[in-house]
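J.: Please find final31.cif (mmCIF, N, CA and C atoms) on the next line:
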```cif
data_run
#
loop_
_atom_site.label_atom_id
_atom_site.label_comp_id
_atom_site.auth_asym_id
_atom_site.auth_seq_id
_atom_site.Cartn_x
_atom_site.Cartn_y
_atom_site.Cartn_z
N GLY H 51 1.67 -7.29 7.09
CA GLY H 51 3.00 -7.19 7.62
C GLY H 51 3.07 -7.72 9.04
N PRO H 52 4.23 -7.71 9.61
CA PRO H 52 4.40 -8.21 10.98
C PRO H 52 3.78 -7.26 12.01
N PRO H 53 3.28 -7.81 13.13
CA PRO H 53 2.69 -6.96 14.16
C PRO H 53 3.76 -6.16 14.92
N GLY H 54 3.37 -4.98 15.41
CA GLY H 54 4.25 -4.20 16.26
C GLY H 54 5.23 -3.29 15.56
N VAL H 55 5.30 -3.35 14.23
CA VAL H 55 6.19 -2.47 13.46
C VAL H 55 5.43 -1.94 12.25
N TRP H 56 5.89 -0.82 11.70
CA TRP H 56 5.23 -0.27 10.51
C TRP H 56 5.59 -1.12 9.30
N PHE H 57 4.72 -1.09 8.32
CA PHE H 57 5.00 -1.71 7.03
C PHE H 57 4.26 -0.94 5.96
N GLY H 58 4.72 -1.05 4.72
CA GLY H 58 4.08 -0.28 3.67
C GLY H 58 4.40 -0.79 2.29
N VAL H 59 3.67 -0.24 1.33
CA VAL H 59 3.86 -0.58 -0.07
C VAL H 59 3.78 0.69 -0.91
N GLY H 60 4.68 0.79 -1.88
CA GLY H 60 4.69 1.90 -2.82
C GLY H 60 4.30 1.37 -4.20
N PHE H 61 3.55 2.17 -4.94
CA PHE H 61 3.01 1.73 -6.22
C PHE H 61 3.61 2.50 -7.40
N GLY H 62 3.85 1.78 -8.50
CA GLY H 62 4.30 2.40 -9.73
C GLY H 62 5.77 2.76 -9.76
N ALA H 63 6.55 2.19 -8.87
CA ALA H 63 7.98 2.50 -8.81
C ALA H 63 8.72 1.38 -8.07
N THR H 64 10.03 1.35 -8.26
CA THR H 64 10.85 0.38 -7.53
C THR H 64 11.98 1.05 -6.75
N VAL H 65 12.02 2.39 -6.80
CA VAL H 65 13.01 3.13 -6.00
C VAL H 65 12.34 4.36 -5.38
N MET H 66 12.78 4.74 -4.20
CA MET H 66 12.21 5.88 -3.50
C MET H 66 12.41 7.18 -4.26
N ALA H 67 13.49 7.27 -5.04
CA ALA H 67 13.79 8.48 -5.81
C ALA H 67 12.69 8.81 -6.82
N ASP H 68 11.88 7.81 -7.19
CA ASP H 68 10.77 8.05 -8.12
C ASP H 68 9.56 8.66 -7.43
N ALA H 69 9.65 8.91 -6.13
CA ALA H 69 8.58 9.53 -5.33
C ALA H 69 7.25 8.79 -5.48
N PRO H 70 7.25 7.48 -5.16
CA PRO H 70 6.01 6.72 -5.35
C PRO H 70 4.93 7.03 -4.33
N TYR H 71 3.69 6.91 -4.79
CA TYR H 71 2.54 6.93 -3.90
C TYR H 71 2.65 5.69 -3.05
N SER H 72 2.51 5.84 -1.75
CA SER H 72 2.70 4.71 -0.83
C SER H 72 1.62 4.70 0.24
N ILE H 73 1.31 3.49 0.68
CA ILE H 73 0.40 3.30 1.80
C ILE H 73 1.23 2.74 2.94
N ILE H 74 1.22 3.43 4.07
CA ILE H 74 2.01 3.05 5.24
C ILE H 74 1.06 2.73 6.38
N LEU H 75 1.27 1.59 7.01
CA LEU H 75 0.48 1.19 8.17
C LEU H 75 1.40 1.15 9.38
N ASP H 76 1.03 1.82 10.45
CA ASP H 76 1.91 1.84 11.62
C ASP H 76 1.72 0.58 12.45
N GLY H 77 2.55 0.41 13.43
CA GLY H 77 2.54 -0.81 14.25
C GLY H 77 1.79 -0.67 15.55
N SER H 78 0.93 0.34 15.66
CA SER H 78 0.17 0.51 16.90
C SER H 78 -0.92 -0.55 17.01
N ASP H 79 -1.52 -0.65 18.20
CA ASP H 79 -2.59 -1.62 18.42
C ASP H 79 -3.79 -1.36 17.51
N ASP H 80 -4.11 -0.09 17.31
CA ASP H 80 -5.19 0.29 16.39
C ASP H 80 -4.52 0.88 15.16
N ILE H 81 -4.15 0.05 14.24
CA ILE H 81 -3.30 0.44 13.11
C ILE H 81 -3.80 1.71 12.42
N LEU H 82 -2.91 2.69 12.32
CA LEU H 82 -3.19 3.92 11.60
C LEU H 82 -2.64 3.79 10.20
N VAL H 83 -3.36 4.30 9.23
CA VAL H 83 -2.97 4.19 7.82
C VAL H 83 -2.69 5.58 7.28
N GLU H 84 -1.57 5.72 6.56
CA GLU H 84 -1.20 6.99 5.93
C GLU H 84 -0.98 6.77 4.44
N GLU H 85 -1.28 7.80 3.68
CA GLU H 85 -0.91 7.84 2.27
C GLU H 85 0.21 8.87 2.17
N ARG H 86 1.28 8.50 1.47
CA ARG H 86 2.46 9.37 1.35
C ARG H 86 3.03 9.31 -0.06
N THR H 87 3.74 10.35 -0.41
CA THR H 87 4.64 10.32 -1.56
C THR H 87 6.02 10.25 -0.96
N LEU H 88 6.73 9.15 -1.19
CA LEU H 88 8.07 8.99 -0.60
C LEU H 88 9.08 9.87 -1.30
N GLY H 89 10.19 10.12 -0.62
CA GLY H 89 11.29 10.87 -1.20
C GLY H 89 12.56 10.04 -1.13
N MET H 90 13.59 10.50 -1.81
CA MET H 90 14.87 9.80 -1.81
C MET H 90 15.45 9.83 -0.40
N TYR H 91 15.47 8.67 0.27
CA TYR H 91 15.98 8.53 1.64
C TYR H 91 15.23 9.39 2.65
N THR H 92 13.98 9.72 2.35
CA THR H 92 13.18 10.50 3.30
C THR H 92 11.79 9.90 3.42
N MET H 93 11.08 10.32 4.46
CA MET H 93 9.71 9.89 4.68
C MET H 93 8.76 10.51 3.66
N GLY H 94 9.25 11.47 2.90
CA GLY H 94 8.44 12.11 1.88
C GLY H 94 7.38 13.01 2.47
N THR H 95 6.26 13.09 1.76
CA THR H 95 5.19 14.01 2.11
C THR H 95 3.92 13.25 2.47
N LEU H 96 3.32 13.61 3.59
CA LEU H 96 2.04 13.05 3.98
C LEU H 96 0.98 13.63 3.06
N LEU H 97 0.19 12.75 2.44
CA LEU H 97 -0.88 13.19 1.55
C LEU H 97 -2.17 13.31 2.35
N THR H 98 -2.88 14.39 2.14
CA THR H 98 -4.16 14.59 2.81
C THR H 98 -5.25 14.61 1.74
N ASN H 99 -6.47 14.56 2.17
CA ASN H 99 -7.62 14.59 1.28
C ASN H 99 -7.74 13.35 0.40
N GLY H 100 -7.11 12.26 0.81
CA GLY H 100 -7.28 11.00 0.09
C GLY H 100 -8.57 10.33 0.50
N SER H 101 -8.90 9.26 -0.17
CA SER H 101 -10.16 8.57 0.14
C SER H 101 -9.92 7.12 0.55
N LEU H 102 -8.71 6.83 1.02
CA LEU H 102 -8.39 5.49 1.49
C LEU H 102 -9.16 5.19 2.76
N GLN H 103 -9.79 4.03 2.81
CA GLN H 103 -10.58 3.65 3.98
C GLN H 103 -10.24 2.23 4.40
N LYS H 104 -10.29 2.01 5.71
CA LYS H 104 -10.21 0.65 6.23
C LYS H 104 -11.57 0.01 6.01
N VAL H 105 -11.59 -1.16 5.38
CA VAL H 105 -12.83 -1.87 5.14
C VAL H 105 -13.04 -2.94 6.21
N SER H 106 -11.94 -3.39 6.80
CA SER H 106 -12.04 -4.42 7.84
C SER H 106 -11.14 -4.05 9.01
N GLN H 107 -11.43 -4.63 10.15
CA GLN H 107 -10.56 -4.48 11.31
C GLN H 107 -9.31 -5.34 11.09
N GLU H 108 -8.25 -4.98 11.78
CA GLU H 108 -7.01 -5.73 11.69
C GLU H 108 -7.22 -7.14 12.23
N SER H 109 -6.51 -8.08 11.65
CA SER H 109 -6.50 -9.44 12.20
C SER H 109 -5.07 -9.95 12.08
N ILE H 110 -4.72 -10.88 12.96
CA ILE H 110 -3.39 -11.49 12.92
C ILE H 110 -3.57 -12.97 12.67
N SER H 111 -2.89 -13.44 11.64
CA SER H 111 -2.94 -14.86 11.29
C SER H 111 -1.54 -15.30 10.89
N GLU H 112 -1.08 -16.37 11.49
CA GLU H 112 0.25 -16.91 11.20
C GLU H 112 1.34 -15.84 11.33
N GLY H 113 1.19 -14.99 12.36
CA GLY H 113 2.21 -14.00 12.66
C GLY H 113 2.22 -12.78 11.76
N MET H 114 1.18 -12.59 10.96
CA MET H 114 1.12 -11.45 10.06
C MET H 114 -0.18 -10.68 10.28
N VAL H 115 -0.09 -9.34 10.22
CA VAL H 115 -1.25 -8.48 10.35
C VAL H 115 -1.89 -8.33 8.97
N ALA H 116 -3.20 -8.43 8.94
CA ALA H 116 -3.96 -8.22 7.70
C ALA H 116 -5.03 -7.18 7.95
N VAL H 117 -5.21 -6.30 7.00
CA VAL H 117 -6.29 -5.31 7.03
C VAL H 117 -6.68 -5.04 5.58
N GLU H 118 -7.96 -4.92 5.34
CA GLU H 118 -8.44 -4.65 3.98
C GLU H 118 -8.68 -3.15 3.84
N LEU H 119 -8.11 -2.59 2.77
CA LEU H 119 -8.24 -1.16 2.49
C LEU H 119 -8.95 -0.98 1.16
N GLN H 120 -9.55 0.19 0.99
CA GLN H 120 -10.27 0.46 -0.24
C GLN H 120 -10.13 1.92 -0.60
N ARG H 121 -10.01 2.19 -1.91
CA ARG H 121 -10.01 3.57 -2.41
C ARG H 121 -10.35 3.53 -3.89
N PRO H 122 -10.77 4.65 -4.47
CA PRO H 122 -11.07 4.66 -5.90
C PRO H 122 -9.81 4.40 -6.73
N LEU H 123 -10.00 3.93 -7.95
CA LEU H 123 -8.87 3.70 -8.85
C LEU H 123 -8.21 5.01 -9.26
N ALA H 124 -9.01 6.04 -9.47
CA ALA H 124 -8.48 7.33 -9.91
C ALA H 124 -7.78 8.05 -8.77
N ALA H 125 -6.70 8.75 -9.11
CA ALA H 125 -5.95 9.53 -8.13
C ALA H 125 -6.82 10.62 -7.54
N ALA H 126 -6.63 10.89 -6.24
CA ALA H 126 -7.40 11.93 -5.55
C ALA H 126 -6.77 13.31 -5.73
N GLY H 127 -5.64 13.38 -6.42
CA GLY H 127 -4.97 14.65 -6.63
C GLY H 127 -3.48 14.44 -6.79
N GLU H 128 -2.73 15.50 -6.68
CA GLU H 128 -1.28 15.48 -6.83
C GLU H 128 -0.64 14.52 -5.84
N GLY H 129 0.23 13.64 -6.33
CA GLY H 129 0.95 12.70 -5.48
C GLY H 129 0.28 11.36 -5.32
N PHE H 130 -1.00 11.28 -5.61
CA PHE H 130 -1.73 10.02 -5.51
C PHE H 130 -1.52 9.21 -6.78
N TYR H 131 -1.79 7.92 -6.70
CA TYR H 131 -1.57 7.00 -7.83
C TYR H 131 -2.90 6.64 -8.47
N THR H 132 -2.94 6.63 -9.79
CA THR H 132 -4.11 6.15 -10.52
C THR H 132 -3.86 4.71 -10.92
N PHE H 133 -4.73 3.83 -10.46
CA PHE H 133 -4.63 2.42 -10.81
C PHE H 133 -5.33 2.19 -12.14
N ASP H 134 -4.62 1.59 -13.09
CA ASP H 134 -5.16 1.31 -14.42
C ASP H 134 -5.88 -0.03 -14.38
N PRO H 135 -7.20 -0.05 -14.55
CA PRO H 135 -7.93 -1.32 -14.46
C PRO H 135 -7.62 -2.30 -15.60
N THR H 136 -6.92 -1.84 -16.64
CA THR H 136 -6.57 -2.73 -17.75
C THR H 136 -5.12 -3.23 -17.67
N ALA H 137 -4.39 -2.78 -16.67
CA ALA H 137 -2.97 -3.17 -16.54
C ALA H 137 -2.83 -4.65 -16.18
N ASP H 138 -1.77 -5.27 -16.68
CA ASP H 138 -1.46 -6.66 -16.35
C ASP H 138 -0.66 -6.76 -15.06
N SER H 139 0.06 -5.67 -14.72
CA SER H 139 0.89 -5.69 -13.52
C SER H 139 1.17 -4.25 -13.08
N ILE H 140 1.66 -4.13 -11.84
CA ILE H 140 2.06 -2.84 -11.27
C ILE H 140 3.41 -3.05 -10.60
N GLU H 141 4.36 -2.15 -10.87
CA GLU H 141 5.62 -2.18 -10.13
C GLU H 141 5.32 -1.77 -8.70
N ILE H 142 5.92 -2.49 -7.74
CA ILE H 142 5.72 -2.16 -6.33
C ILE H 142 7.03 -2.23 -5.57
N MET H 143 7.05 -1.56 -4.45
CA MET H 143 8.14 -1.67 -3.49
C MET H 143 7.51 -1.82 -2.12
N VAL H 144 8.05 -2.71 -1.32
CA VAL H 144 7.51 -2.96 0.02
C VAL H 144 8.63 -2.81 1.04
N ALA H 145 8.24 -2.45 2.26
CA ALA H 145 9.24 -2.29 3.32
C ALA H 145 8.60 -2.57 4.67
N VAL H 146 9.46 -2.94 5.62
CA VAL H 146 9.07 -3.20 7.00
C VAL H 146 10.00 -2.40 7.89
N GLY H 147 9.44 -1.77 8.93
CA GLY H 147 10.23 -0.92 9.81
C GLY H 147 10.77 -1.62 11.03
N ARG H 148 11.52 -0.85 11.81
CA ARG H 148 12.13 -1.32 13.07
C ARG H 148 11.21 -1.10 14.26
N THR H 149 10.33 -0.12 14.16
CA THR H 149 9.49 0.31 15.28
C THR H 149 8.05 0.49 14.80
N PRO H 150 7.12 0.73 15.71
CA PRO H 150 5.74 1.00 15.28
C PRO H 150 5.59 2.30 14.49
N VAL H 151 6.48 3.26 14.72
CA VAL H 151 6.39 4.58 14.08
C VAL H 151 7.17 4.57 12.76
N PHE H 152 6.55 5.10 11.71
CA PHE H 152 7.18 5.15 10.38
C PHE H 152 8.53 5.83 10.43
N GLY H 153 9.53 5.18 9.86
CA GLY H 153 10.89 5.69 9.81
C GLY H 153 11.73 4.77 8.94
N HIS H 154 12.99 4.60 9.30
CA HIS H 154 13.90 3.77 8.51
C HIS H 154 13.42 2.32 8.48
N HIS H 155 13.60 1.67 7.34
CA HIS H 155 13.17 0.28 7.20
C HIS H 155 14.32 -0.68 7.52
N ILE H 156 13.97 -1.88 7.96
CA ILE H 156 14.99 -2.91 8.19
C ILE H 156 14.98 -3.95 7.08
N SER H 157 13.90 -3.95 6.31
CA SER H 157 13.78 -4.90 5.21
C SER H 157 13.01 -4.24 4.08
N LYS H 158 13.39 -4.56 2.84
CA LYS H 158 12.68 -3.99 1.68
C LYS H 158 12.78 -4.97 0.52
N ALA H 159 11.87 -4.82 -0.42
CA ALA H 159 11.88 -5.64 -1.63
C ALA H 159 11.15 -4.87 -2.72
N VAL H 160 11.48 -5.18 -3.94
CA VAL H 160 10.80 -4.58 -5.10
C VAL H 160 10.37 -5.70 -6.03
N GLY H 161 9.40 -5.41 -6.85
CA GLY H 161 8.94 -6.41 -7.81
C GLY H 161 7.77 -5.90 -8.60
N SER H 162 7.08 -6.84 -9.19
CA SER H 162 5.92 -6.53 -10.01
C SER H 162 4.75 -7.35 -9.50
N LEU H 163 3.64 -6.69 -9.25
CA LEU H 163 2.44 -7.34 -8.76
C LEU H 163 1.58 -7.69 -9.97
N LYS H 164 1.40 -8.98 -10.22
CA LYS H 164 0.60 -9.43 -11.36
C LYS H 164 -0.88 -9.27 -11.01
N LEU H 165 -1.62 -8.70 -11.94
CA LEU H 165 -3.04 -8.47 -11.75
C LEU H 165 -3.85 -9.39 -12.65
N THR H 166 -5.02 -9.74 -12.20
CA THR H 166 -5.92 -10.53 -13.04
C THR H 166 -7.16 -9.70 -13.30
N GLN H 167 -7.71 -9.87 -14.47
CA GLN H 167 -8.91 -9.14 -14.85
C GLN H 167 -10.14 -9.87 -14.33
N PRO H 168 -11.10 -9.13 -13.80
CA PRO H 168 -12.32 -9.79 -13.32
C PRO H 168 -13.12 -10.38 -14.47
N VAL H 169 -13.80 -11.45 -14.19
CA VAL H 169 -14.68 -12.04 -15.18
C VAL H 169 -16.05 -11.40 -14.99
N ILE H 170 -16.54 -10.79 -16.05
CA ILE H 170 -17.82 -10.10 -15.97
C ILE H 170 -18.87 -10.93 -16.70
N GLY H 171 -20.00 -11.12 -16.09
CA GLY H 171 -21.07 -11.88 -16.72
C GLY H 171 -21.47 -13.02 -15.83
N LEU H 172 -22.37 -13.79 -16.30
CA LEU H 172 -22.91 -14.91 -15.55
C LEU H 172 -22.30 -16.20 -16.03
N VAL H 173 -21.83 -17.02 -15.12
CA VAL H 173 -21.30 -18.34 -15.45
C VAL H 173 -22.37 -19.34 -15.09
N GLN H 174 -22.78 -20.13 -16.07
CA GLN H 174 -23.84 -21.10 -15.84
C GLN H 174 -23.26 -22.49 -15.68
N GLY H 175 -23.78 -23.23 -14.72
CA GLY H 175 -23.35 -24.61 -14.48
C GLY H 175 -24.15 -25.58 -15.33
N HIS H 176 -23.74 -26.84 -15.34
CA HIS H 176 -24.44 -27.87 -16.12
C HIS H 176 -25.58 -28.42 -15.34
#
```
Can you give me the file's structure in the form of structure tokens?

T.:
Amino acid sequence: GPPGVWFGVGFGATVMADAPYSIILDGSDDILVEERTLGMYTMGTLLTNGSLQKVSQESISEGMVAVELQRPLAAAGEGFYTFDPTADSIEIMVAVGRTPVFGHHISKAVGSLKLTQPVIGLVQGH
């Protein structure tokens, strides 16, 4: 997302009323990451005891902040999302905020994230 403002993605839903599991990154210099269950027109509930981890430091390229995150596919408990490794796609919703602190968004979009299955095995060259 853009530097200096919060941004996030919700999984398995296209509207906040569905209370999607979401990952929110704030716009601070040392980006803080939160896991939340969103609510209808609300910030929802902060989820604790998750296993989301930053795998890389933040970087900015072409005006966008990038950070690699990692967590298990299985949900860590109530409110968390279980990622299906056999799914072809996941419904998602994304948003960008006005300020570094999570709050009302100025931009949002919904869609479907197409997934590809990993190729398992050895590929031999000629």

J.: Pick out the closest residue to H:Arg86 from this set: H:Ser72, H:Asn99, H:Gln107, H:Gln167. Count only N, CA and C atoms.

T.: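 Closest residue, counting only N, CA and C atoms: H:Ser72.
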
J.: For H:Thr92, which residue among H:Ile73, H:Leu163, H:Ile156, H:Met66 is the nearest when counting all atoms listed in the file?

T.: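 For H:Thr92, the nearest of the candidates is H:Met66.
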
J.: So the first atom is atom N of H:Gly147 and the second is atom C of H:Asp134; what is the distance between them in Å, to one decimal place?

T.: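 According to the coordinates, atom N of H:Gly147 and atom C of H:Asp134 are separated by 27.9 Å.
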
J.: I need the output of the PyMOL selection byres ((chain H and resi 121) around 5) for this file as a PyMOL selection string; which residues are they?

T.: chain H and resi 101-102+119-120+122-123

J.: Please produce an output containing N, CA and C atoms for each residue in the selection, written as an mmCIF file, in the frame of the given file.

T.:
```
data_model
loop_
_atom_site.group_PDB
_atom_site.id
_atom_site.type_symbol
_atom_site.label_atom_id
_atom_site.label_comp_id
_atom_site.auth_asym_id
_atom_site.auth_seq_id
_atom_site.Cartn_x
_atom_site.Cartn_y
_atom_site.Cartn_z
ATOM 1 N N SER H 101 -8.900 9.260 -0.170
ATOM 2 C CA SER H 101 -10.160 8.570 0.140
ATOM 3 C C SER H 101 -9.920 7.120 0.550
ATOM 4 N N LEU H 102 -8.710 6.830 1.020
ATOM 5 C CA LEU H 102 -8.390 5.490 1.490
ATOM 6 C C LEU H 102 -9.160 5.190 2.760
ATOM 7 N N LEU H 119 -8.110 -2.590 2.770
ATOM 8 C CA LEU H 119 -8.240 -1.160 2.490
ATOM 9 C C LEU H 119 -8.950 -0.980 1.160
ATOM 10 N N GLN H 120 -9.550 0.190 0.990
ATOM 11 C CA GLN H 120 -10.270 0.460 -0.240
ATOM 12 C C GLN H 120 -10.130 1.920 -0.600
ATOM 13 N N PRO H 122 -10.770 4.650 -4.470
ATOM 14 C CA PRO H 122 -11.070 4.660 -5.900
ATOM 15 C C PRO H 122 -9.810 4.400 -6.730
ATOM 16 N N LEU H 123 -10.000 3.930 -7.950
ATOM 17 C CA LEU H 123 -8.870 3.700 -8.850
ATOM 18 C C LEU H 123 -8.210 5.010 -9.260
#
```

J.: Evaluate the PyMOL selection byres ((chain H and resi 62) around 6.5) against this structure - the residues, as a count of residues only, please.

T.: 10

J.: Among the residues of stretch 129-167 of chain H, find those DSSP assigns to strand (DSSP E or B) from the backbone and print them as a list in words.

T.: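 The strand (DSSP E or B) subset of stretch 129-167 of chain H is Ser139, Ile140, Glu141, Ile142, Met143, Val144, Ala145, Val146, Gly147, His155, Ile156, Ser157, Lys158, Ala159, Val160, Gly161, Ser162, Leu163 and Lys164 of chain H.
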
J.: Choose the residue, out of H:Asp76, H:Asp68, H:Glu128, H:Ser106, that has the smallest atom-to-atom separation from H:Pro150; count only N, CA and C atoms.

T.: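 So, comparing all the options, the nearest one is H:Asp76.
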
J.: Have a look at H:Ala125, H:Met114, H:Val55, H:Val144 and name the one nearest to H:Ser157; count only C-alpha atoms.

T.: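 Of the candidates, the smallest distance to H:Ser157 is held by H:Val144.
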
J.: How many Å separate atom C of H:Val83 from atom C of H:Ala67?

T.: 21.1 Å

J.: Measuring atom to atom with only C-alpha atoms, identify which of H:Ser111, H:Thr98, H:Thr166, H:Ser78 is nearest to H:Gly127.

T.: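 For H:Gly127, the nearest of the given residues is H:Thr98.
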
J.: Taking into account only C-alpha atoms, which residue in the set H:Gly100, H:Ser139, H:Ala69, H:Gly129 is nearest to H:Leu88?

T.: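 Ranking H:Gly100, H:Ser139, H:Ala69, H:Gly129 by distance to H:Leu88, first place goes to H:Ala69.
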
J.: Grab the atom CA of H:Val59 to atom CA of H:Ala145 distance for me, in Å with one decimal place.

T.: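 Taking atom CA of H:Val59 as the start and atom CA of H:Ala145 as the end point, the length is 6.6 Å.
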
J.: Just say which residues the PyMOL selection byres (((chain H and resi 57 and name CA) around 6) and name CA) picks in this file, as an NGL selection string.

T.: :H and (51 or 56 or 58 or 74-75 or 145-147)

J.: Taking every listed atom of stretch 66-75 of chain H and adding 6 Å to each side, what centre and edge lengths in Å (one decimal) does the axis-aligned box have, as AutoDock Vina command-line options?

T.:
```
--center_x 7.1 --center_y 5.3 --center_z 0.6 --size_x 25.4 --size_y 20.4 --size_z 29.5
```
